[in-house]
Amino acid sequence: WFDTEDFYGPMSIYRTVEEKSPDSENTLAVGPWRHGGWRSMEGNHLGCIEFERSTSIDFQTQVQFPFFSYHLKGEGDWNAQEAVVFETGRNEWKTFDRWPPQNAVPTNIYLQENGTLSFEEPIETGNGISDSYLSDPNNPVPFSSEIRTTLGHLWKVEDQRFASSRPDVLTYVSEPLKEDLTIAGSVLANIYVSTTGTDSDWIVKLIDVYPPDSTDSEFCNVPMGGFQMHLAGEIMRGKFRNSMEYPEPMVPGEITRINIDLKDRFHTFLAGHRIMVHVQSSWFPAYDRNPQAFVDIYHAQPQDYQLATQTIYRSAKNPSHLVLNVIR
């Protein structure tokens with residue numbers, strides 16, 4: 001779930017085989033690991049996040065070894081499951097006969113006024129129902145709070161409080177959940193935006209906010225009360241919003257819908273936790289700085305980099321929201 005380098009690849013392979021060769025044996029297995037974590041670590045934690053079991057050992061002994069024993073040696077039993085997936089939050093392995101599960105229902109959660117999130121649709125009308133921030137390419141939002149990337153791959157679950165405090169990061173958060181809420185499958189962001197520039201990056205992050213009284217982790221010295229676990233995040237460069245092959249400039253001031261695929265997750269936001277969303281326009285150095293002008297970025301000159309005012313709309317007409325597949 002937390003593969004920084006290539007989470008897109010395995011999920012795309014799985015879905016392509018399902019579509020192109022539906023009669024093939026095709027099992028999706030996903031654990032709470034960084035890139036290669038299923039073989040390079042015990043899998044009982046990632047950064048500050050504890051998983052309460054040795055998930056890598058589970059996978060090796062209960063999935064990988066039986067698979068190869070059966071298919072290469074004809075030994076043992078291999079009861080092929082469609083999906084063997086680890087549910088973060090509750091920290092449990094689950095199996096399903098399809099992915100996403102049949103009872104995962106697409107559910108919108110909307111960006112609302114005063115930095116709130118709600119499953120209720122916005123009712124206010126008018127183009128002025130929005131939030132704005134100033135994006136400065138010379139002061140980009142960092143992808144990690146570490147000066148040196150000592151966290152390595154672990155930034156996928158890193159505490160996001162460092163980003164929430166920045167004026168160039170819009171933060172929306174729900175009320176504490178009264179009961180557990182489980183998501184399984186794709187996470188999509190549909191945001192309505194405008195910029196004063198002619199290009200812009202749009203980054204959306206989904207975050208699990210821990211309650212104030214959360215127990216500290218034995219694996220790090222970060223206070224877990226109020227911890228903001230980075231659960232999923234993705235970027236869309238504005239010039240590629242309609243086509244990756246044929247980039248086109250954004251029109252300054254024009255309200256534009258940006259669709260961002262944050263990829264799949266299987267996670268439970270436990271009762272008492274809150275759901276948080278970040279919207280920002282830089283994520284350096286994981287992604288190069290956008291000059292916020294429609295230029296060839298690979299050959300951009302210092303004078304090409306410019307300030308831009310970014311606006312996120314949240315009205316009934318332009319309802320910025322995330323689509324979560326919620327288990328019913």
# chains A, B, ... in the order shown; residues from 1 in each chain; ligands from 1

$ closest_atom_pairs --of "range 103-174 of chain A" --to "range 288-293 of chain A" --cutoff "9 Å" --atoms "only C-alpha atoms" --output "JSON lines"
{"residue": "A:Ser135", "atom": "CA", "partner": "A:Gln292", "partner_atom": "CA", "distance": 8.8}
{"residue": "A:Asp136", "atom": "CA", "partner": "A:Pro291", "partner_atom": "CA", "distance": 8.9}
{"residue": "A:Pro137", "atom": "CA", "partner": "A:Arg289", "partner_atom": "CA", "distance": 6.0}
{"residue": "A:Asn138", "atom": "CA", "partner": "A:Arg289", "partner_atom": "CA", "distance": 8.3}
{"residue": "A:Pro140", "atom": "CA", "partner": "A:Arg289", "partner_atom": "CA", "distance": 7.3}

$ residues_around --residues "Glu25 in chain A" --least-positions-apart "2" --cutoff "12 Å" --atoms "only C-alpha atoms" --output "ChimeraX atom specification"
/A:14,17-18,21-23,27-28,67,71,78-83

$ residues_around --residues "Gly115 in chain A" --least-positions-apart "4" --cutoff "9 Å" --atoms "only C-alpha atoms" --output "list in words"
Leu111, Asp131, Leu170, Thr171, Tyr172, Val173 and Ser174 of chain A

$ closest_residue --among "A:Tyr246, A:Phe51, A:Phe294, A:Phe266" --to "Leu324 in chain A" --atoms "only C-alpha atoms"
A:Phe266

$ residues_around --residues "Trp38 in chain A" --least-positions-apart "5" --cutoff "8 Å" --atoms "only C-alpha atoms" --output "ChimeraX atom specification"
/A:31,33,43,55-57,59-60

$ atom_distance --atom1 "CA of Glu5 in chain A" --atom2 "CA of Leu262 in chain A"
14.0 Å

$ closest_residue --among "A:Arg237, A:Lys317, A:Arg274, A:Arg15" --to "Pro100 in chain A" --atoms "only C-alpha atoms"
A:Arg15

$ closest_residue --among "A:His35, A:Lys156, A:Arg161, A:Arg90" --to "Leu231 in chain A" --atoms "only C-alpha atoms"
A:Lys156

$ closest_residue --among "A:Asp168, A:Glu113, A:Glu175, A:Asp180" --to "Gly89 in chain A" --atoms "only C-alpha atoms"
A:Asp180

$ atom_distance --atom1 "CA of Pro302 in chain A" --atom2 "CA of Arg166 in chain A"
24.0 Å

$ residues_around --residues "Ile327 in chain A" --least-positions-apart "3" --cutoff "9 Å" --atoms "only C-alpha atoms" --output "PyMOL selection string"
chain A and resi 101-106+181-184

$ closest_residue --among "A:Gln112, A:Asp304, A:Ala163, A:Ser69" --to "Glu124 in chain A" --atoms "only C-alpha atoms"
A:Gln112

$ select_by_dssp --residues "range 43-156 of chain A" --states "helix (DSSP H, G or I)" --output "ChimeraX atom specification"
/A:55-73,113-115,152-156

$ residues_around --residues "Pro285 in chain A" --least-positions-apart "2" --cutoff "7 Å" --atoms "only C-alpha atoms" --output "number ranges by chain"
A: 142-143, 283, 287-288

$ write_last_selection --atoms "N, CA, C and O atoms" --output "PDB file, in the first residue's frame"
ATOM      1  N   PRO A 142       7.582  20.946   0.931  1.00  0.00           N
ATOM      2  CA  PRO A 142       8.446  19.759   0.910  1.00  0.00           C
ATOM      3  C   PRO A 142       7.640  18.477   1.018  1.00  0.00           C
ATOM      4  O   PRO A 142       6.555  18.450   1.597  1.00  0.00           O
ATOM      5  N   PHE A 143       8.185  17.402   0.447  1.00  0.00           N
ATOM      6  CA  PHE A 143       7.495  16.115   0.559  1.00  0.00           C
ATOM      7  C   PHE A 143       7.749  15.461   1.898  1.00  0.00           C
ATOM      8  O   PHE A 143       7.050  14.537   2.304  1.00  0.00           O
ATOM      9  N   TRP A 283       5.458  19.750  -4.330  1.00  0.00           N
ATOM     10  CA  TRP A 283       5.735  18.563  -3.511  1.00  0.00           C
ATOM     11  C   TRP A 283       7.192  18.187  -3.772  1.00  0.00           C
ATOM     12  O   TRP A 283       7.491  17.149  -4.335  1.00  0.00           O
ATOM     13  N   TYR A 287       8.681  15.777  -6.774  1.00  0.00           N
ATOM     14  CA  TYR A 287       8.284  16.236  -8.101  1.00  0.00           C
ATOM     15  C   TYR A 287       8.944  17.587  -8.366  1.00  0.00           C
ATOM     16  O   TYR A 287       9.016  18.441  -7.481  1.00  0.00           O
ATOM     17  N   ASP A 288       9.409  17.767  -9.583  1.00  0.00           N
ATOM     18  CA  ASP A 288      10.111  19.009  -9.909  1.00  0.00           C
ATOM     19  C   ASP A 288       9.168  20.206  -9.794  1.00  0.00           C
ATOM     20  O   ASP A 288       7.948  20.082  -9.901  1.00  0.00           O
TER      21      ASP A 288
END

$ residues_around --residues "Arg265 in chain A" --least-positions-apart "6" --cutoff "9 Å" --atoms "only C-alpha atoms" --output "PDB file with N, CA, C and O atoms, in the first residue's frame"
ATOM      1  N   TRP A   1       0.799  -1.215   0.000  1.00  0.00           N
ATOM      2  CA  TRP A   1       0.000   0.000   0.000  1.00  0.00           C
ATOM      3  C   TRP A   1       0.840   1.277   0.000  1.00  0.00           C
ATOM      4  O   TRP A   1       0.348   2.338  -0.357  1.00  0.00           O
ATOM      5  N   GLU A  87      -5.711  -4.891   5.740  1.00  0.00           N
ATOM      6  CA  GLU A  87      -6.514  -3.725   6.086  1.00  0.00           C
ATOM      7  C   GLU A  87      -5.786  -2.907   7.151  1.00  0.00           C
ATOM      8  O   GLU A  87      -5.702  -3.311   8.303  1.00  0.00           O
ATOM      9  N   THR A  88      -5.217  -1.771   6.744  1.00  0.00           N
ATOM     10  CA  THR A  88      -4.563  -0.895   7.707  1.00  0.00           C
ATOM     11  C   THR A  88      -5.631  -0.194   8.542  1.00  0.00           C
ATOM     12  O   THR A  88      -6.783  -0.061   8.144  1.00  0.00           O
ATOM     13  N   ILE A 183     -12.550   2.055   3.876  1.00  0.00           N
ATOM     14  CA  ILE A 183     -12.521   2.279   2.432  1.00  0.00           C
ATOM     15  C   ILE A 183     -11.746   1.138   1.781  1.00  0.00           C
ATOM     16  O   ILE A 183     -10.766   0.649   2.322  1.00  0.00           O
ATOM     17  N   ALA A 184     -12.203   0.714   0.599  1.00  0.00           N
ATOM     18  CA  ALA A 184     -11.562  -0.395  -0.115  1.00  0.00           C
ATOM     19  C   ALA A 184     -11.710  -0.168  -1.604  1.00  0.00           C
ATOM     20  O   ALA A 184     -12.814  -0.169  -2.134  1.00  0.00           O
ATOM     21  N   GLY A 185     -10.585   0.065  -2.276  1.00  0.00           N
ATOM     22  CA  GLY A 185     -10.616   0.318  -3.707  1.00  0.00           C
ATOM     23  C   GLY A 185     -10.025   1.674  -4.021  1.00  0.00           C
ATOM     24  O   GLY A 185      -9.259   2.243  -3.236  1.00  0.00           O
ATOM     25  N   SER A 186     -10.381   2.196  -5.184  1.00  0.00           N
ATOM     26  CA  SER A 186      -9.769   3.426  -5.660  1.00  0.00           C
ATOM     27  C   SER A 186     -10.160   4.622  -4.810  1.00  0.00           C
ATOM     28  O   SER A 186     -11.234   4.660  -4.192  1.00  0.00           O
ATOM     29  N   VAL A 187      -9.264   5.605  -4.774  1.00  0.00           N
ATOM     30  CA  VAL A 187      -9.520   6.901  -4.161  1.00  0.00           C
ATOM     31  C   VAL A 187      -9.341   7.931  -5.264  1.00  0.00           C
ATOM     32  O   VAL A 187      -8.269   8.050  -5.855  1.00  0.00           O
ATOM     33  N   LEU A 231      -1.976   8.804   4.109  1.00  0.00           N
ATOM     34  CA  LEU A 231      -2.527   7.545   3.644  1.00  0.00           C
ATOM     35  C   LEU A 231      -2.403   7.395   2.129  1.00  0.00           C
ATOM     36  O   LEU A 231      -2.056   6.326   1.624  1.00  0.00           O
ATOM     37  N   ALA A 232      -2.673   8.458   1.385  1.00  0.00           N
ATOM     38  CA  ALA A 232      -2.598   8.403  -0.078  1.00  0.00           C
ATOM     39  C   ALA A 232      -2.406   9.818  -0.596  1.00  0.00           C
ATOM     40  O   ALA A 232      -2.867  10.786   0.008  1.00  0.00           O
TER      41      ALA A 232
END

$ atom_distance --atom1 "CA of His267 in chain A" --atom2 "CA of Val157 in chain A"
12.6 Å

$ closest_residue --among "A:Leu270, A:Ile275, A:Val30, A:Ile258" --to "Asp208 in chain A" --atoms "only C-alpha atoms"
A:Ile275

$ select_by_dssp --residues "range 68-114 of chain A" --states "strand (DSSP E)" --output "list of chain:residue names"
A:Ala83, A:Val84, A:Val85, A:Phe86, A:Glu87, A:Glu92, A:Trp93, A:Lys94, A:Thr95, A:Phe96, A:Ala104, A:Val105, A:Pro106, A:Thr107, A:Asn108, A:Ile109, A:Tyr110, A:Leu111, A:Gln112

$ decode --residues "range 178-303 of chain A" --atoms "C-alpha atoms" --output "PDB file, in the first residue's frame"
ATOM      1  CA  LYS A 178     -18.582   8.256  15.594  1.00  0.00           C
ATOM      2  CA  GLU A 179     -17.957   4.781  14.179  1.00  0.00           C
ATOM      3  CA  ASP A 180     -15.341   2.994  12.097  1.00  0.00           C
ATOM      4  CA  LEU A 181     -15.286   3.845   8.393  1.00  0.00           C
ATOM      5  CA  THR A 182     -13.567   1.437   5.978  1.00  0.00           C
ATOM      6  CA  ILE A 183     -12.521   2.279   2.432  1.00  0.00           C
ATOM      7  CA  ALA A 184     -11.562  -0.395  -0.115  1.00  0.00           C
ATOM      8  CA  GLY A 185     -10.616   0.318  -3.707  1.00  0.00           C
ATOM      9  CA  SER A 186      -9.769   3.426  -5.660  1.00  0.00           C
ATOM     10  CA  VAL A 187      -9.520   6.901  -4.161  1.00  0.00           C
ATOM     11  CA  LEU A 188     -10.373   9.651  -6.656  1.00  0.00           C
ATOM     12  CA  ALA A 189     -10.201  13.419  -6.290  1.00  0.00           C
ATOM     13  CA  ASN A 190     -12.372  15.713  -8.408  1.00  0.00           C
ATOM     14  CA  ILE A 191     -11.438  19.312  -7.660  1.00  0.00           C
ATOM     15  CA  TYR A 192     -12.563  22.534  -9.296  1.00  0.00           C
ATOM     16  CA  VAL A 193      -9.724  25.017  -9.509  1.00  0.00           C
ATOM     17  CA  SER A 194      -8.399  28.151 -11.120  1.00  0.00           C
ATOM     18  CA  THR A 195      -4.958  29.717 -11.272  1.00  0.00           C
ATOM     19  CA  THR A 196      -3.515  33.094 -12.172  1.00  0.00           C
ATOM     20  CA  GLY A 197      -0.792  31.286 -14.121  1.00  0.00           C
ATOM     21  CA  THR A 198      -0.918  29.236 -17.310  1.00  0.00           C
ATOM     22  CA  ASP A 199       0.188  25.966 -15.724  1.00  0.00           C
ATOM     23  CA  SER A 200       0.065  24.545 -12.213  1.00  0.00           C
ATOM     24  CA  ASP A 201       0.527  21.369 -10.246  1.00  0.00           C
ATOM     25  CA  TRP A 202      -2.385  20.081  -8.199  1.00  0.00           C
ATOM     26  CA  ILE A 203      -1.639  17.680  -5.358  1.00  0.00           C
ATOM     27  CA  VAL A 204      -4.285  16.036  -3.179  1.00  0.00           C
ATOM     28  CA  LYS A 205      -3.447  13.988  -0.079  1.00  0.00           C
ATOM     29  CA  LEU A 206      -5.754  11.807   2.026  1.00  0.00           C
ATOM     30  CA  ILE A 207      -4.784  11.691   5.710  1.00  0.00           C
ATOM     31  CA  ASP A 208      -5.897   9.811   8.847  1.00  0.00           C
ATOM     32  CA  VAL A 209      -5.810  12.096  11.910  1.00  0.00           C
ATOM     33  CA  TYR A 210      -5.298  10.273  15.210  1.00  0.00           C
ATOM     34  CA  PRO A 211      -7.180  11.286  18.393  1.00  0.00           C
ATOM     35  CA  PRO A 212      -5.389  13.485  20.968  1.00  0.00           C
ATOM     36  CA  ASP A 213      -5.081  10.603  23.446  1.00  0.00           C
ATOM     37  CA  SER A 214      -3.450   8.111  21.039  1.00  0.00           C
ATOM     38  CA  THR A 215      -0.730   5.904  22.533  1.00  0.00           C
ATOM     39  CA  ASP A 216       2.799   6.716  21.398  1.00  0.00           C
ATOM     40  CA  SER A 217       4.595   4.262  19.125  1.00  0.00           C
ATOM     41  CA  GLU A 218       7.597   2.265  20.318  1.00  0.00           C
ATOM     42  CA  PHE A 219       9.194   2.712  16.900  1.00  0.00           C
ATOM     43  CA  CYS A 220       9.567   6.503  16.853  1.00  0.00           C
ATOM     44  CA  ASN A 221       9.686   9.505  19.152  1.00  0.00           C
ATOM     45  CA  VAL A 222       6.900  11.462  17.440  1.00  0.00           C
ATOM     46  CA  PRO A 223       3.851  12.153  19.668  1.00  0.00           C
ATOM     47  CA  MET A 224       0.976  10.123  18.242  1.00  0.00           C
ATOM     48  CA  GLY A 225      -1.729  12.351  19.731  1.00  0.00           C
ATOM     49  CA  GLY A 226      -2.979  14.281  16.690  1.00  0.00           C
ATOM     50  CA  PHE A 227      -0.647  12.358  14.335  1.00  0.00           C
ATOM     51  CA  GLN A 228      -1.578  12.954  10.699  1.00  0.00           C
ATOM     52  CA  MET A 229      -0.879   9.697   8.859  1.00  0.00           C
ATOM     53  CA  HIS A 230      -0.309  10.230   5.137  1.00  0.00           C
ATOM     54  CA  LEU A 231      -2.527   7.545   3.644  1.00  0.00           C
ATOM     55  CA  ALA A 232      -2.598   8.403  -0.078  1.00  0.00           C
ATOM     56  CA  GLY A 233      -1.548  11.247  -2.343  1.00  0.00           C
ATOM     57  CA  GLU A 234      -1.086  12.022  -6.016  1.00  0.00           C
ATOM     58  CA  ILE A 235      -0.294  14.869  -8.407  1.00  0.00           C
ATOM     59  CA  MET A 236      -1.749  16.148 -11.665  1.00  0.00           C
ATOM     60  CA  ARG A 237       0.254  18.656 -13.699  1.00  0.00           C
ATOM     61  CA  GLY A 238      -2.337  21.041 -15.089  1.00  0.00           C
ATOM     62  CA  LYS A 239      -1.039  21.027 -18.667  1.00  0.00           C
ATOM     63  CA  PHE A 240      -1.727  17.271 -18.821  1.00  0.00           C
ATOM     64  CA  ARG A 241      -5.260  17.449 -17.390  1.00  0.00           C
ATOM     65  CA  ASN A 242      -6.848  16.406 -20.696  1.00  0.00           C
ATOM     66  CA  SER A 243      -4.029  14.502 -22.388  1.00  0.00           C
ATOM     67  CA  MET A 244      -0.580  13.248 -21.461  1.00  0.00           C
ATOM     68  CA  GLU A 245       0.406  13.408 -25.130  1.00  0.00           C
ATOM     69  CA  TYR A 246      -0.855  16.876 -25.989  1.00  0.00           C
ATOM     70  CA  PRO A 247      -0.229  19.359 -23.159  1.00  0.00           C
ATOM     71  CA  GLU A 248      -2.234  22.560 -23.158  1.00  0.00           C
ATOM     72  CA  PRO A 249      -2.047  25.720 -21.037  1.00  0.00           C
ATOM     73  CA  MET A 250      -4.493  26.536 -18.316  1.00  0.00           C
ATOM     74  CA  VAL A 251      -6.544  29.689 -18.832  1.00  0.00           C
ATOM     75  CA  PRO A 252      -5.896  32.205 -16.055  1.00  0.00           C
ATOM     76  CA  GLY A 253      -8.975  32.640 -13.881  1.00  0.00           C
ATOM     77  CA  GLU A 254     -10.995  29.941 -15.633  1.00  0.00           C
ATOM     78  CA  ILE A 255     -12.633  27.349 -13.381  1.00  0.00           C
ATOM     79  CA  THR A 256     -11.322  23.942 -14.439  1.00  0.00           C
ATOM     80  CA  ARG A 257     -12.097  20.454 -13.182  1.00  0.00           C
ATOM     81  CA  ILE A 258      -9.008  18.429 -12.316  1.00  0.00           C
ATOM     82  CA  ASN A 259      -9.328  14.662 -11.853  1.00  0.00           C
ATOM     83  CA  ILE A 260      -6.641  12.917  -9.796  1.00  0.00           C
ATOM     84  CA  ASP A 261      -6.372   9.165  -9.179  1.00  0.00           C
ATOM     85  CA  LEU A 262      -4.867   8.601  -5.720  1.00  0.00           C
ATOM     86  CA  LYS A 263      -4.844   4.835  -6.391  1.00  0.00           C
ATOM     87  CA  ASP A 264      -6.307   2.053  -4.260  1.00  0.00           C
ATOM     88  CA  ARG A 265      -6.318   1.776  -0.489  1.00  0.00           C
ATOM     89  CA  PHE A 266      -7.779  -0.628   2.076  1.00  0.00           C
ATOM     90  CA  HIS A 267      -7.969   1.280   5.324  1.00  0.00           C
ATOM     91  CA  THR A 268     -10.216   1.802   8.303  1.00  0.00           C
ATOM     92  CA  PHE A 269     -10.519   5.218   9.874  1.00  0.00           C
ATOM     93  CA  LEU A 270     -11.254   4.130  13.429  1.00  0.00           C
ATOM     94  CA  ALA A 271     -13.928   5.749  15.571  1.00  0.00           C
ATOM     95  CA  GLY A 272     -12.534   8.916  17.114  1.00  0.00           C
ATOM     96  CA  HIS A 273     -10.178   9.501  14.184  1.00  0.00           C
ATOM     97  CA  ARG A 274     -10.776  12.236  11.626  1.00  0.00           C
ATOM     98  CA  ILE A 275     -10.446  12.318   7.843  1.00  0.00           C
ATOM     99  CA  MET A 276      -8.220  15.061   6.445  1.00  0.00           C
ATOM    100  CA  VAL A 277      -7.513  16.287   2.907  1.00  0.00           C
ATOM    101  CA  HIS A 278      -4.627  18.500   1.774  1.00  0.00           C
ATOM    102  CA  VAL A 279      -4.582  20.471  -1.473  1.00  0.00           C
ATOM    103  CA  GLN A 280      -1.287  22.055  -2.552  1.00  0.00           C
ATOM    104  CA  SER A 281       0.677  22.966  -5.697  1.00  0.00           C
ATOM    105  CA  SER A 282       4.198  21.704  -5.020  1.00  0.00           C
ATOM    106  CA  TRP A 283       5.735  18.563  -3.511  1.00  0.00           C
ATOM    107  CA  PHE A 284       9.493  19.000  -3.727  1.00  0.00           C
ATOM    108  CA  PRO A 285      11.797  17.193  -4.396  1.00  0.00           C
ATOM    109  CA  ALA A 286       9.583  14.201  -5.147  1.00  0.00           C
ATOM    110  CA  TYR A 287       8.284  16.236  -8.101  1.00  0.00           C
ATOM    111  CA  ASP A 288      10.111  19.009  -9.909  1.00  0.00           C
ATOM    112  CA  ARG A 289       8.956  22.585  -9.412  1.00  0.00           C
ATOM    113  CA  ASN A 290       6.346  23.863 -11.829  1.00  0.00           C
ATOM    114  CA  PRO A 291       7.176  27.392 -13.082  1.00  0.00           C
ATOM    115  CA  GLN A 292       3.397  27.997 -13.090  1.00  0.00           C
ATOM    116  CA  ALA A 293       3.774  29.176 -16.664  1.00  0.00           C
ATOM    117  CA  PHE A 294       3.211  27.100 -19.809  1.00  0.00           C
ATOM    118  CA  VAL A 295       6.857  26.515 -20.726  1.00  0.00           C
ATOM    119  CA  ASP A 296       9.175  23.586 -21.385  1.00  0.00           C
ATOM    120  CA  ILE A 297      10.029  22.872 -17.753  1.00  0.00           C
ATOM    121  CA  TYR A 298      13.182  20.942 -18.652  1.00  0.00           C
ATOM    122  CA  HIS A 299      14.635  24.113 -20.154  1.00  0.00           C
ATOM    123  CA  ALA A 300      12.946  26.686 -17.899  1.00  0.00           C
ATOM    124  CA  GLN A 301      14.959  29.747 -16.943  1.00  0.00           C
ATOM    125  CA  PRO A 302      14.885  31.454 -13.522  1.00  0.00           C
ATOM    126  CA  GLN A 303      12.660  34.232 -14.859  1.00  0.00           C
TER     127      GLN A 303
END
